[in-house]
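Below is one structure; the comments refer to it alone.
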Amino acid sequence: MWKGRFSKQTADLVQQFGESISYDWRMYRQDIRGSIAHARAQLKFGTLTQEEFDSIEKGLKEIETEIEAGEFEFSTELEDIHMNIESALTARIGDAGAKLHTARSRNDQVATDTRLYCRDEAIEIEGLIRAFQSVLVKVAKDNQEVILPGYTHLQRGQPVLFSHHLLAYVEMLDRDLGRLRDCRQRFNVSPLGSGALAGSTINLDRNQIAEELGFDTITRNSMDAISDRDYIAELLFTFSLIGTHLSRLSEDAILWCSAEFGFVTFSDEHTTGSSLMPQKKNPDVCEITRGKTGRLNGNLVSILTAIKGLPLTYNRDLQEDKEPLFDSIDTIKLTLQVNTEMFAEMTINNERCLEAASDPLLLATDLADYLVKKGVPFRSAHELVGKAVAISADTHTPLDKLSLEQLQSISDAYEADAFDVFDLQTALNNRTNLGAPNFENSKKLIEFWETEIQS
Ligand code: ARG
């Protein structure tokens with residue numbers, strides 16, 4: 001492609017070191033779409049005749065079909081997807097192919113292809129997030145009556161609804177979805193026409209190209225346009241965060257399916273056994289999900305590090321953007337898919353959840369609230385209940401089974417109705433504020449999400 005200036009072939013090791021075709025081949029569709037739009041702008045400008053444009057378009061479509069059928073032979077010598085396709089085109093159609101690269105550089109070409117690729121993948125991942133959210137909402141809906149302890153410091157805190165717990169993840173995933181959409185909006189801008197770094201004296205209609213490729217607008221600064229990889233960093237951060245959220249859910253699920261908790265059971269299809277211990281049923285999917293966070297974070301750090309020392313504009317270091325990007329895309333897609341399937345098949349063990357949630361200590365705060373309603377300042381109420389908890393521990397008596405006398409030995413603010421606090425259903429129903437775990441709230445939120453997910 002640059003034979004004019006060189007008298008020797010690129011060394012084999014340099015080819016091996018510098019090639020990107022082994023991974024960037026997957027942008028072939030975007031590359032072809034971009035080339036057709038670029039050729040159409042040349043047709044309008046007059047650097048291509050209608051006949052030349054037609055043969056370029058036809059040739060590129062044939063190449064696309066061949067790649068799709070696995071019949072196209074990629075060559076490492078031709079370094080990347082851009083040169084592989086252009087060279088195959090020229091071999092096929094001759095001079096017209098040699099005109100395709102007019103007013104274009106691989107720098108604006110790769111920037112265009114990558115943006116298109118990210119857009120296609122982001123849209124797909126947004127759909128996968130929606131699918132996962134809808135499974136979580138469905139499980140929440142089917143288990144609306146299930147109560148389990150809510151934890152802080154992994155110590156039992158207060159009772160919550162299982163649906164409330166799952167819907168917390170639906171919220172997280174929704175913010176992730178929002179991040180993907182925001183990011184997509186920011187990068188859906190066409191860099192084509194920026195050339196190597198300084199545009200071109202052949203002024204193709206950049207807006208026409210942008211419109212054909214579905215970009216919202218065109219970039220304003222050619223130097224920024226070809227060296228900007230912000231959107232890859234943003235995407236990788238978003239993938240990291242999705243991974244982090246899934247990892248937290250995995251951690252919950254790992255605890256829930258342990259014998260100690262016993263709150264849920266995963267299907268045989270989504271668990272694995274041990275080669276030695278016959279009784280084992282391991283939550284490998286959850287563990288691998290948690291483990292994948294490492295590579296997602298690693299990929300984010302790779303791209304940030306690759307960019308940080310680069311002078312404007314294009315530097316070959318930028319080629320290092322693709323493997324982390326592709327790896328994170330593949331990772332996040334598979335992770336979302338497998339979790340969607342696994343959670344859809346999960347069984348909830350209502351009795352075990354209820355047993356754990358029926359620990360009266362979970363309502364110690366409600367007992368303090370009871371005293372507050374009787375006029376006791378909260379700090380004193382906290383202490384008065386703390387004392388009751390101490391008696392309960394010392395006498396090995398559950399908190400709700402202390403006698404009224406025992407409670408009144410602490411304070412006469414305790415009256416017979418203090419024991420009403422220990423009804424779980426009432427405790428949850430009393431939390432009427434928006435955002436709190438209560439059957440009515442949960443039902444409304446499930447309805448909200450059902451509609452939201454459709455949109
Ligand atoms: N394979 C290259 C990349 O991914 C394409 C751009 C090459 N540009 C150049 N000036 N060498 O970044």
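How things are named: the first chain in the structure tokens is A, the next is B, and so on; residues count from 1 in each chain; ligands count from 1 in the order shown.
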
> When the cut-off is 10 Å and you count only C-alpha atoms and all ligand atoms, which residues lie near ligand 1, shown as a PyMOL selection string?
Replying inline: chain A and resi 18-21+23-24+78-83+105-111+113-114+196-197+226-227+313-323

Could you save those same residues with C-alpha atoms as an mmCIF file, in the first residue's frame?
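Result saved to part-v2.cif:
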data_model
loop_
_atom_site.group_PDB
_atom_site.id
_atom_site.type_symbol
_atom_site.label_atom_id
_atom_site.label_comp_id
_atom_site.auth_asym_id
_atom_site.auth_seq_id
_atom_site.Cartn_x
_atom_site.Cartn_y
_atom_site.Cartn_z
ATOM 1 C CA GLY A 18 1.987 -5.230 13.831
ATOM 2 C CA GLU A 19 -0.899 -7.112 12.279
ATOM 3 C CA SER A 20 -4.381 -6.530 13.575
ATOM 4 C CA ILE A 21 -6.304 -8.585 11.006
ATOM 5 C CA TYR A 23 -8.861 -9.575 15.498
ATOM 6 C CA ASP A 24 -10.080 -6.517 13.580
ATOM 7 C CA LEU A 78 -2.117 -6.736 4.494
ATOM 8 C CA GLU A 79 -2.082 -5.923 8.181
ATOM 9 C CA ASP A 80 -5.668 -5.003 8.941
ATOM 10 C CA ILE A 81 -9.262 -5.284 7.812
ATOM 11 C CA HIS A 82 -9.110 -1.992 5.930
ATOM 12 C CA MET A 83 -6.229 -2.996 3.688
ATOM 13 C CA SER A 105 -6.886 7.594 5.572
ATOM 14 C CA ARG A 106 -6.978 4.452 7.592
ATOM 15 C CA ASN A 107 -6.992 6.828 10.537
ATOM 16 C CA ASP A 108 -10.448 8.216 9.871
ATOM 17 C CA GLN A 109 -11.495 4.849 8.470
ATOM 18 C CA VAL A 110 -10.626 2.914 11.622
ATOM 19 C CA ALA A 111 -12.193 5.640 13.759
ATOM 20 C CA ASP A 113 -15.451 1.520 11.744
ATOM 21 C CA THR A 114 -14.849 1.344 15.475
ATOM 22 C CA ALA A 196 -4.966 11.205 8.331
ATOM 23 C CA LEU A 197 -5.264 14.194 10.682
ATOM 24 C CA ILE A 226 -8.939 10.532 14.571
ATOM 25 C CA SER A 227 -7.208 10.247 17.905
ATOM 26 C CA THR A 313 -2.714 12.655 16.655
ATOM 27 C CA TYR A 314 -2.686 9.040 15.493
ATOM 28 C CA ASN A 315 -0.060 6.764 16.974
ATOM 29 C CA ARG A 316 0.077 3.099 16.316
ATOM 30 C CA ASP A 317 -0.432 2.438 20.016
ATOM 31 C CA LEU A 318 -4.079 3.106 19.271
ATOM 32 C CA GLN A 319 -4.322 -0.230 17.537
ATOM 33 C CA GLU A 320 -4.153 -1.676 21.054
ATOM 34 C CA ASP A 321 -7.674 -0.380 21.652
ATOM 35 C CA LYS A 322 -9.412 -3.224 19.898
ATOM 36 C CA GLU A 323 -8.511 -6.388 21.754
#

> Near Leu192 in chain A, within 9 Å and counting only C-alpha atoms, which residues show up once chain neighbours fewer than 2 positions away are dropped, as a PyMOL selection string?
Replying inline: chain A and resi 34+38+104-105+108-109+111-112+190+194-195+199+206+209-210+218-219+222+225-226

> Using the chain letters and numbers from this document, which residues of range 10-227 of chain A does DSSP assign to strand (DSSP E), as a PyMOL selection string?
Replying inline: chain A and resi 147-152+155-161+189-190+217-218

Residues as selected, N, CA and C atoms, written as a compact mmCIF listing (two decimals), in the first residue's frame, can you do that?
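This is the output file part04.txt:
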# COMPACT_ATOMS: atom_id res chain seq x y z
N ILE A 147 -40.15 -13.10 52.15
CA ILE A 147 -39.46 -12.14 53.03
C ILE A 147 -38.12 -12.77 53.42
N LEU A 148 -37.09 -11.97 53.43
CA LEU A 148 -35.79 -12.49 53.87
C LEU A 148 -35.07 -11.40 54.64
N PRO A 149 -34.01 -11.75 55.38
CA PRO A 149 -33.31 -10.68 56.10
C PRO A 149 -32.55 -9.80 55.12
N GLY A 150 -32.53 -8.51 55.39
CA GLY A 150 -31.63 -7.63 54.67
C GLY A 150 -30.39 -7.50 55.55
N TYR A 151 -29.22 -7.43 54.93
CA TYR A 151 -27.97 -7.45 55.70
C TYR A 151 -27.22 -6.13 55.57
N THR A 152 -26.52 -5.76 56.64
CA THR A 152 -25.43 -4.80 56.51
C THR A 152 -24.25 -5.49 57.20
N GLN A 155 -24.34 -8.98 58.41
CA GLN A 155 -25.04 -9.34 59.64
C GLN A 155 -26.50 -8.98 59.41
N ARG A 156 -27.39 -9.81 59.92
CA ARG A 156 -28.81 -9.54 59.73
C ARG A 156 -29.18 -8.15 60.24
N GLY A 157 -29.89 -7.42 59.41
CA GLY A 157 -30.25 -6.05 59.77
C GLY A 157 -31.73 -5.90 60.01
N GLN A 158 -32.48 -5.87 58.91
CA GLN A 158 -33.93 -5.69 58.99
C GLN A 158 -34.57 -6.56 57.92
N PRO A 159 -35.84 -6.92 58.11
CA PRO A 159 -36.48 -7.76 57.09
C PRO A 159 -36.72 -6.95 55.82
N VAL A 160 -36.59 -7.61 54.70
CA VAL A 160 -36.91 -6.98 53.41
C VAL A 160 -37.68 -8.00 52.57
N LEU A 161 -38.14 -7.55 51.44
CA LEU A 161 -38.79 -8.48 50.52
C LEU A 161 -37.75 -8.97 49.53
N VAL A 189 -21.00 10.09 16.13
CA VAL A 189 -20.60 11.30 15.40
C VAL A 189 -19.59 10.83 14.35
N SER A 190 -19.75 11.30 13.12
CA SER A 190 -18.91 10.76 12.05
C SER A 190 -17.54 11.44 11.93
N THR A 217 -24.32 13.41 13.67
CA THR A 217 -23.67 14.62 13.20
C THR A 217 -22.22 14.28 12.80
N ILE A 218 -21.42 15.33 12.50
CA ILE A 218 -20.02 15.06 12.14
C ILE A 218 -19.08 15.70 13.17

> What's the 10 Å shell around Leu204 in chain A, counting only C-alpha atoms, without same-chain residues fewer than 2 positions away, as a PyMOL selection string?
Replying inline: chain A and resi 38-47+102-104+192-193+199-202+206-209
